[in-house]
>>> print(open('target04.txt').read())   # compact mmCIF, C-alpha atoms
# COMPACT_ATOMS: atom_id res chain seq x y z
CA MET D 24 0.55 58.20 -9.27
CA SER D 25 -0.31 61.52 -10.95
CA GLY D 26 -3.81 62.51 -11.79
CA THR D 27 -3.06 62.88 -15.51
CA ASN D 28 -5.40 60.86 -17.67
CA PRO D 29 -3.34 58.69 -20.07
CA TYR D 30 -5.97 59.28 -22.71
CA ASP D 31 -5.47 63.04 -22.49
CA SER D 32 -1.69 62.56 -22.69
CA PHE D 33 -1.99 60.52 -25.87
CA LEU D 34 -4.48 62.96 -27.28
CA GLY D 35 -2.05 65.83 -26.67
CA GLN D 36 0.82 63.94 -28.34
CA TYR D 37 -1.21 63.03 -31.39
CA SER D 38 -2.74 66.47 -31.66
CA ALA D 39 0.70 68.09 -31.58
CA ALA D 40 2.29 65.65 -33.99
CA GLY D 41 -0.57 65.29 -36.44
CA GLY D 42 -2.27 68.64 -36.55
CA ALA D 43 -3.10 68.13 -40.18
CA ALA D 44 -5.27 65.22 -39.28
CA GLY D 45 -7.65 67.39 -37.32
CA GLY D 46 -9.15 66.98 -33.84
CA GLY D 47 -11.43 64.05 -34.62
CA ALA D 48 -8.73 62.00 -36.30
CA ALA D 49 -6.24 62.71 -33.51
CA HIS D 50 -8.84 61.73 -30.96
CA ALA D 51 -9.48 58.38 -32.64
CA ALA D 52 -5.79 57.67 -33.17
CA ALA D 53 -4.99 58.40 -29.54
CA GLN D 54 -7.75 56.10 -28.34
CA ALA D 55 -6.53 53.22 -30.57
CA ALA D 56 -2.92 53.70 -29.48
CA LEU D 57 -3.89 53.74 -25.80
CA GLN D 58 -5.89 50.55 -26.13
CA GLN D 59 -2.99 48.83 -27.91
CA GLN D 60 -0.51 49.83 -25.20
CA GLN D 61 -2.83 48.72 -22.40
CA GLN D 62 -3.33 45.36 -24.08
CA GLN D 63 0.43 44.89 -24.47
CA GLN D 64 1.01 45.77 -20.81
CA HIS D 65 -1.79 43.41 -19.73
CA TYR D 66 -0.41 40.47 -21.72
CA ALA D 67 3.14 41.15 -20.56
CA MET D 68 2.06 41.25 -16.90
CA ASN D 69 0.13 38.01 -17.22
CA TYR D 70 3.01 36.14 -18.81
CA ASN D 71 5.75 37.64 -16.69
CA SER D 72 3.91 36.56 -13.52
CA GLY D 73 2.80 33.13 -14.77
CA ALA D 74 4.55 29.78 -14.93
CA SER D 75 5.17 30.21 -18.65
CA GLY D 76 7.97 32.72 -18.10
CA SER D 77 8.53 36.08 -19.78
CA ILE D 78 7.34 37.09 -23.21
CA ALA D 79 10.92 36.80 -24.42
CA SER D 80 10.92 33.09 -23.63
CA LEU D 81 7.90 32.64 -25.93
CA GLY D 82 9.58 34.25 -28.94
CA SER D 83 9.94 30.91 -30.68
CA LEU D 84 6.17 30.69 -30.94
CA GLY D 85 6.04 33.64 -33.34
CA ASP D 86 4.86 37.20 -33.23
CA VAL D 87 3.57 38.05 -29.76
CA SER D 88 1.98 41.34 -30.65
CA PRO D 89 -1.78 41.66 -30.06
CA ARG D 90 -2.47 42.01 -33.79
CA HIS D 91 -4.87 39.70 -35.57
CA HIS D 92 -3.06 37.66 -38.20
CA PRO D 93 -4.81 36.63 -41.37
CA PRO D 94 -5.70 32.96 -41.89
CA GLY D 95 -2.76 30.75 -42.76
CA HIS D 96 -0.22 33.07 -41.15
CA GLY D 97 2.61 30.52 -41.00
CA GLY D 98 1.51 29.10 -37.66
CA ARG D 99 2.27 32.33 -35.73
CA HIS D 100 0.13 33.14 -32.71
CA ARG D 101 -1.31 36.23 -31.18
CA LEU D 102 -0.29 36.73 -27.56
CA ALA D 103 -3.94 36.54 -26.54
CA ASP D 104 -4.15 33.10 -28.12
CA LEU D 105 -1.03 31.73 -26.48
CA PRO D 106 -2.60 30.54 -23.19
CA ASP D 107 -5.12 28.36 -25.00
CA THR D 108 -2.47 27.12 -27.40
CA ILE D 109 -0.01 26.21 -24.66
CA GLU D 110 -2.70 24.61 -22.51
CA SER D 111 -3.98 22.60 -25.47
CA ALA D 112 -0.47 21.44 -26.27
CA SER D 113 0.07 20.37 -22.66
CA VAL D 114 -3.21 18.47 -22.55
CA ALA D 115 -2.48 16.79 -25.85
CA SER D 116 1.06 15.77 -25.00
CA GLY D 117 0.62 15.16 -21.24
CA PRO D 118 -1.23 11.82 -21.29
CA SER D 119 1.04 10.54 -24.04
CA VAL D 120 4.21 11.34 -22.11
CA ALA D 121 2.69 10.05 -18.86
CA SER D 122 1.56 6.85 -20.54
CA THR D 123 4.98 6.28 -22.03
CA THR D 124 6.67 6.92 -18.70
CA SER D 125 4.20 4.68 -16.88
CA ALA D 126 4.63 1.85 -19.37
CA ALA D 127 8.40 2.12 -19.16
CA GLN D 128 8.29 2.08 -15.37
CA LEU D 129 6.00 -0.93 -15.31
CA ALA D 130 8.31 -2.78 -17.68
CA ALA D 131 11.33 -1.93 -15.55
CA ASP D 132 9.51 -3.01 -12.39
CA GLN D 133 8.51 -6.31 -13.98
CA VAL D 134 12.10 -7.02 -14.92
CA ALA D 135 13.21 -6.20 -11.37
CA ILE D 136 10.48 -8.43 -9.90
CA GLU D 137 11.50 -11.36 -12.10
CA ASP D 138 15.13 -10.81 -11.17
CA ALA D 139 14.26 -10.80 -7.45
CA ILE D 140 12.20 -13.99 -7.80
CA THR D 141 15.09 -15.67 -9.64
CA ARG D 142 17.53 -14.67 -6.91
CA PHE D 143 15.15 -15.99 -4.24
CA GLU D 144 14.61 -19.30 -6.01
CA THR D 145 18.32 -19.86 -6.67
CA GLU D 146 19.30 -19.11 -3.07
CA ASN D 147 21.42 -16.12 -4.16
CA ALA D 148 19.62 -13.50 -2.08
CA ASP D 149 21.03 -12.37 1.24
CA LEU D 150 19.09 -10.64 4.01
CA CYS D 151 19.51 -7.17 2.52
CA ASP D 152 18.36 -8.37 -0.91
CA ILE D 153 15.28 -10.03 0.57
CA LEU D 154 14.13 -7.02 2.58
CA ALA D 155 14.92 -4.57 -0.23
CA ALA D 156 12.81 -6.56 -2.71
CA MET D 157 9.90 -6.95 -0.27
CA ARG D 158 9.87 -3.23 0.46
CA ARG D 159 10.19 -2.24 -3.18
CA PHE D 160 7.42 -4.53 -4.43
CA PRO D 161 4.86 -4.79 -1.60
CA ARG D 162 2.04 -5.66 -4.04
CA SER D 163 3.77 -8.62 -5.65
CA VAL D 164 2.35 -11.72 -3.99
CA ARG D 165 5.13 -13.94 -5.28
CA VAL D 166 7.89 -11.63 -4.04
CA GLN D 167 6.23 -11.41 -0.62
CA GLU D 168 5.65 -15.17 -0.37
CA LEU D 169 9.23 -16.00 -1.27
CA GLY D 170 10.53 -13.20 0.95
CA CYS D 171 8.66 -14.47 4.02
CA GLU D 172 9.74 -18.01 3.22
CA LYS D 173 13.42 -17.01 3.00
CA LEU D 174 13.22 -14.97 6.20
CA TRP D 175 11.70 -17.99 7.96
CA ILE D 176 14.61 -20.15 6.80
CA GLN D 177 17.18 -17.57 7.88
CA SER D 178 15.45 -17.06 11.23
CA TRP D 179 16.46 -20.56 12.36
CA ASP D 180 19.94 -19.18 12.95
CA ASP D 181 20.17 -17.08 16.12
CA GLU D 182 22.48 -14.47 14.60
CA ASN D 183 20.30 -14.10 11.52
CA SER D 184 17.20 -13.90 13.70
CA SER D 185 18.73 -11.07 15.69
CA ALA D 186 19.84 -9.30 12.50
CA ILE D 187 16.35 -9.52 10.99
CA GLY D 188 14.92 -7.80 14.03
CA ARG D 189 17.60 -5.12 14.15
CA VAL D 190 17.28 -4.06 10.51
CA GLY D 191 13.49 -3.75 10.56
CA GLY D 192 12.57 -7.08 9.04
CA ILE D 193 9.74 -7.78 11.48
CA PRO D 194 7.49 -4.86 10.39
CA THR D 195 8.18 -5.87 6.78
CA ILE D 196 6.86 -9.38 7.46
CA ILE D 197 3.79 -8.07 9.29
CA ASP D 198 3.02 -5.55 6.53
CA SER D 199 3.23 -8.37 4.01
CA MET D 200 0.76 -10.46 6.02
CA ARG D 201 -1.66 -7.54 6.20
CA THR D 202 -1.40 -6.70 2.51
CA HIS D 203 -1.85 -10.29 1.29
CA ALA D 204 -4.21 -11.67 3.89
CA GLY D 205 -5.80 -14.02 1.34
CA SER D 206 -2.62 -15.95 0.60
CA ALA D 207 -2.56 -18.99 2.90
CA HIS D 208 1.02 -19.82 1.90
CA LEU D 209 2.23 -16.31 2.73
CA GLN D 210 0.36 -16.36 6.05
CA GLN D 211 1.93 -19.68 6.97
CA CYS D 212 5.43 -18.47 6.06
CA GLY D 213 4.83 -15.25 7.99
CA CYS D 214 3.71 -17.14 11.09
CA GLU D 215 6.67 -19.52 10.74
CA ALA D 216 9.08 -16.59 10.59
CA LEU D 217 7.47 -14.85 13.57
CA GLN D 218 7.51 -18.04 15.66
CA ASN D 219 11.30 -18.25 15.26
CA LEU D 220 11.93 -14.54 15.63
CA ALA D 221 9.88 -14.46 18.86
CA LEU D 222 12.47 -16.64 20.60
CA ASN D 223 14.64 -13.51 20.81
CA ASP D 224 13.71 -11.13 23.66
CA TYR D 225 14.19 -7.99 21.58
CA ASN D 226 12.29 -9.42 18.61
CA ARG D 227 9.44 -10.50 20.85
CA GLU D 228 8.79 -6.93 21.93
CA VAL D 229 9.09 -5.61 18.38
CA ILE D 230 6.53 -8.17 17.19
CA ALA D 231 4.06 -7.08 19.86
CA GLU D 232 4.58 -3.37 19.19
CA ALA D 233 4.34 -3.78 15.40
CA GLY D 234 0.97 -5.58 15.55
CA GLY D 235 2.30 -9.09 15.08
CA ILE D 236 -0.09 -10.63 17.62
CA ILE D 237 -3.15 -9.43 15.71
CA ALA D 238 -1.56 -10.43 12.38
CA VAL D 239 -1.11 -14.01 13.60
CA ILE D 240 -4.62 -14.25 15.07
CA ASP D 241 -6.16 -12.79 11.90
CA ALA D 242 -4.27 -15.34 9.80
CA MET D 243 -5.58 -18.18 11.96
CA GLY D 244 -9.14 -16.88 11.75
CA ARG D 245 -9.08 -16.33 7.99
CA HIS D 246 -7.41 -19.66 7.18
CA TRP D 247 -9.01 -21.81 9.86
CA ASP D 248 -9.06 -24.78 7.44
CA VAL D 249 -5.30 -24.79 6.76
CA ALA D 250 -3.46 -26.98 9.26
CA GLY D 251 -0.09 -25.38 8.59
CA VAL D 252 -1.39 -21.89 9.44
CA GLN D 253 -3.02 -23.19 12.64
CA GLN D 254 0.06 -25.05 13.81
CA CYS D 255 2.48 -22.17 13.14
CA GLY D 256 0.03 -19.64 14.50
CA CYS D 257 -0.27 -21.49 17.81
CA THR D 258 3.50 -21.81 18.08
CA ALA D 259 3.99 -18.13 17.27
CA LEU D 260 1.50 -17.09 19.97
CA ALA D 261 3.22 -19.41 22.44
CA ASN D 262 6.63 -17.91 21.75
CA ILE D 263 5.34 -14.33 21.80
CA ALA D 264 3.66 -14.91 25.17
CA GLY D 265 6.63 -16.84 26.57
CA GLY D 266 9.76 -15.62 28.26
CA GLU D 267 10.35 -14.06 31.64
CA ALA D 268 9.06 -10.67 30.51
CA GLY D 269 6.09 -12.04 28.59
CA GLY D 270 3.41 -10.93 31.06
CA ASP D 271 2.21 -7.99 28.98
CA ASN D 272 2.29 -10.07 25.84
CA ARG D 273 0.23 -12.80 27.48
CA VAL D 274 -2.43 -10.26 28.31
CA ALA D 275 -2.28 -8.84 24.79
CA VAL D 276 -2.67 -12.29 23.21
CA ALA D 277 -5.69 -13.03 25.39
CA ASP D 278 -7.26 -9.60 24.77
CA CYS D 279 -6.86 -9.95 21.00
CA GLY D 280 -8.72 -13.26 20.93
CA GLY D 281 -5.76 -15.59 21.11
CA LEU D 282 -7.47 -18.16 23.33
CA HIS D 283 -10.41 -18.43 20.98
CA ALA D 284 -8.07 -18.81 17.98
CA ILE D 285 -6.14 -21.61 19.70
CA LEU D 286 -9.27 -23.53 20.70
CA LYS D 287 -10.70 -23.05 17.21
CA ALA D 288 -7.55 -24.64 15.80
CA VAL D 289 -8.11 -27.66 18.06
CA GLN D 290 -11.72 -27.97 16.99
CA SER D 291 -10.80 -27.70 13.32
CA PHE D 292 -8.05 -30.35 13.51
CA PRO D 293 -8.85 -32.62 16.46
CA GLN D 294 -6.83 -35.48 14.97
CA ASP D 295 -3.76 -33.51 13.86
CA GLU D 296 -0.98 -34.12 16.37
CA THR D 297 1.15 -31.18 15.24
CA VAL D 298 -1.75 -28.75 15.71
CA LEU D 299 -2.68 -30.26 19.09
CA ARG D 300 0.92 -30.13 20.29
CA SER D 301 1.28 -26.47 19.29
CA ALA D 302 -2.07 -25.58 20.87
CA TYR D 303 -1.01 -27.32 24.09
CA GLN D 304 2.19 -25.26 24.12
CA ALA D 305 0.32 -22.01 23.48
CA LEU D 306 -2.25 -22.63 26.22
CA ARG D 307 0.49 -23.37 28.72
CA ALA D 308 2.37 -20.20 27.74
CA LEU D 309 -0.79 -18.18 28.29
CA GLY D 310 -1.21 -19.61 31.79
CA TYR D 311 -4.11 -21.96 31.12
CA ASN D 312 -4.37 -25.60 32.02
CA PRO D 313 -3.93 -27.19 28.60
CA THR D 314 -5.58 -30.48 29.51
CA GLN D 315 -8.75 -28.83 30.80
CA GLU D 316 -8.97 -26.37 27.92
CA LEU D 317 -8.41 -29.04 25.30
CA GLU D 318 -11.06 -31.25 26.90
CA ARG D 319 -13.51 -28.35 26.88
CA ALA D 320 -12.71 -27.62 23.27
CA GLN D 321 -13.21 -31.26 22.33
CA GLN D 322 -16.50 -31.40 24.23
CA SER D 323 -17.70 -28.21 22.59
CA HIS D 324 -16.77 -29.59 19.18
CA GLU D 325 -18.74 -32.79 19.83
CA GLU D 326 -21.78 -30.82 20.98
CA GLU D 327 -21.67 -28.71 17.83
CA GLU D 328 -21.55 -31.86 15.69
CA GLU D 329 -24.54 -33.31 17.55
CA GLN D 330 -26.50 -30.12 17.01
CA GLU D 331 -25.70 -30.22 13.31
CA GLU D 332 -26.83 -33.83 13.07
CA LEU D 333 -30.08 -33.06 14.88
CA GLY D 334 -30.68 -30.17 12.54
CA GLU D 335 -30.16 -32.39 9.52
CA ASP D 336 -32.56 -35.01 10.95
CA ASP D 337 -35.22 -32.35 11.53
CA ASP D 338 -34.85 -31.13 7.97
CA MET D 339 -35.22 -34.65 6.62
CA SER D 340 -38.35 -35.24 8.77
CA GLU D 341 -39.95 -32.03 7.53
CA ASN D 342 -39.19 -32.89 3.95
CA GLY D 343 -40.69 -36.37 4.45
CA GLU D 344 -43.90 -34.98 5.89
CA GLU D 345 -44.26 -32.52 3.08
CA GLY D 346 -43.77 -35.33 0.54
>>> encode(input="target04.txt", output="structure tokens")
Amino acid sequence: MSGTNPYDSFLGQYSAAGGAAGGGAAHAAAQAALQQQQQQQHYAMNYNSGASGSIASLGSLGDVSPRHHPPGHGGRHRLADLPDTIESASVASGPSVASTTSAAQLAADQVAIEDAITRFETENADLCDILAAMRRFPRSVRVQELGCEKLWIQSWDDENSSAIGRVGGIPTIIDSMRTHAGSAHLQQCGCEALQNLALNDYNREVIAEAGGIIAVIDAMGRHWDVAGVQQCGCTALANIAGGEAGGDNRVAVADCGGLHAILKAVQSFPQDETVLRSAYQALRALGYNPTQELERAQQSHEEEEEQEELGEDDDMSENGEEG
């Protein structure tokens, strides 16, 4: 870059061209022209390098010169005002467009959810339809409940059970159980599906690796007062821990609190034969003596009831003395 001062260059041009104006007038004219050119270059650089594109692309917005327009100038903008104008327009229109898009998407999703539920309820959904709907709408409790229920029904068939495991259906079931832990019906259907799927050697390992053991035990702990969850949970743990290669799974079930969950099921439903039968099966699969463990659980349950009764009697005695 040369050492020539642009101001001096302009001054020389204006002095040569407008000698009649005199030195002072030429000086002032040169300074004004230089400032105007620098402003134009500055605005052009900013817009050429920004996301708004070149100045040429903004021609539809009106005159882009740095002049001040008088009030009411037909809506035309100075270049210096364009950033604020464009930003304001984006802010004003952005939420409206986003809201419209969001509302349209929600409406479309609701239609798709209702369609999936209808297909589930009318038995018109195959395995691919079920898994696709569950993965598309993970937050819909009804879709997840029906999906787990349909997978449980399909898992009774050995070929379907194998297919569910091969196409990734097991993690989908476990994710559903985690997401909707408060739904007892979903937890029961999930445990029912896993208990059938665990009869397959490949599926058994996938269940363990995907966190199915913890999912079942968590379901039993959260819904300790639902007999269906306890019965299916015990059966699922028994099948996961079973098999010739179930040694690692047996350890995992025990380490995750499986024994406690099974005995808690017995204590909660000491008169329910289906729960007791499933608990017996699970204890045997884990390597425990079912008879001894069930007797201990029953004894512990009776002791807890006695303690509760004694506590109630003490409370009544204290209240009587105070009266």
>>> atom_distance(input="target04.txt", atom1="CA of Ala302 (chain D)", atom2="CA of Gln322 (chain D)")
15.9 Å
>>> residues_around(input="target04.txt", residues="Val190 (chain D)", least_positions_apart="4", cutoff="9 Å", atoms="all atoms listed in the file", output="VMD selection string")
chain D and resid 151 185 to 186
>>> atom_distance(input="target04.txt", atom1="CA of Arg319 (chain D)", atom2="CA of Ala288 (chain D)")
13.1 Å
>>> atom_distance(input="target04.txt", atom1="CA of Leu286 (chain D)", atom2="CA of His324 (chain D)")
9.8 Å
>>> residues_near_point(input="target04.txt", point="(-3.9, -30.9, 14.8)", cutoff="10 Å", atoms="only C-alpha atoms", output="VMD selection string")
chain D and resid 250 to 251 253 to 254 288 to 302
>>> closest_residue(input="target04.txt", among="D:Gly281, D:Gly256, D:Gly244, D:Pro313", to="Gly205 (chain D)", atoms="only C-alpha atoms")
D:Gly244
>>> residues_around(input="target04.txt", residues="Ala156 (chain D)", least_positions_apart="6", cutoff="12 Å", atoms="all atoms listed in the file", output="JSON list (two decimals) with C-alpha atoms, keeping the file's coordinate frame")
[["chain", "number", "residue", "atom", "x", "y", "z"],
["D", 132, "ASP", "CA", 9.51, -3.01, -12.39],
["D", 135, "ALA", "CA", 13.21, -6.20, -11.37],
["D", 136, "ILE", "CA", 10.48, -8.43, -9.90],
["D", 137, "GLU", "CA", 11.50, -11.36, -12.10],
["D", 138, "ASP", "CA", 15.13, -10.81, -11.17],
["D", 139, "ALA", "CA", 14.26, -10.80, -7.45],
["D", 140, "ILE", "CA", 12.20, -13.99, -7.80],
["D", 141, "THR", "CA", 15.09, -15.67, -9.64],
["D", 142, "ARG", "CA", 17.53, -14.67, -6.91],
["D", 143, "PHE", "CA", 15.15, -15.99, -4.24],
["D", 148, "ALA", "CA", 19.62, -13.50, -2.08],
["D", 149, "ASP", "CA", 21.03, -12.37, 1.24],
["D", 150, "LEU", "CA", 19.09, -10.64, 4.01],
["D", 162, "ARG", "CA", 2.04, -5.66, -4.04],
["D", 163, "SER", "CA", 3.77, -8.62, -5.65],
["D", 164, "VAL", "CA", 2.35, -11.72, -3.99],
["D", 165, "ARG", "CA", 5.13, -13.94, -5.28],
["D", 166, "VAL", "CA", 7.89, -11.63, -4.04],
["D", 167, "GLN", "CA", 6.23, -11.41, -0.62],
["D", 168, "GLU", "CA", 5.65, -15.17, -0.37],
["D", 169, "LEU", "CA", 9.23, -16.00, -1.27],
["D", 170, "GLY", "CA", 10.53, -13.20, 0.95],
["D", 171, "CYS", "CA", 8.66, -14.47, 4.02],
["D", 173, "LYS", "CA", 13.42, -17.01, 3.00],
["D", 192, "GLY", "CA", 12.57, -7.08, 9.04],
["D", 195, "THR", "CA", 8.18, -5.87, 6.78],
["D", 199, "SER", "CA", 3.23, -8.37, 4.01]]
>>> closest_residue(input="target04.txt", among="D:Arg189, D:His208, D:Arg273, D:Arg201", to="Leu220 (chain D)", atoms="all atoms listed in the file")
D:Arg189
>>> residues_around(input="target04.txt", residues="Met243 (chain D)", least_positions_apart="4", cutoff="9 Å", atoms="all atoms listed in the file", output="list in words")
Gln210, Ala238, Val239, Trp247, Asp248, Val249, Val252, Gln253, Gly256, Cys257, Ala284, Ile285, Lys287 and Ala288 of chain D
>>> closest_residue(input="target04.txt", among="D:Ala305, D:Ala126, D:Ala231, D:Leu282", to="Cys255 (chain D)", atoms="all atoms listed in the file")
D:Ala305
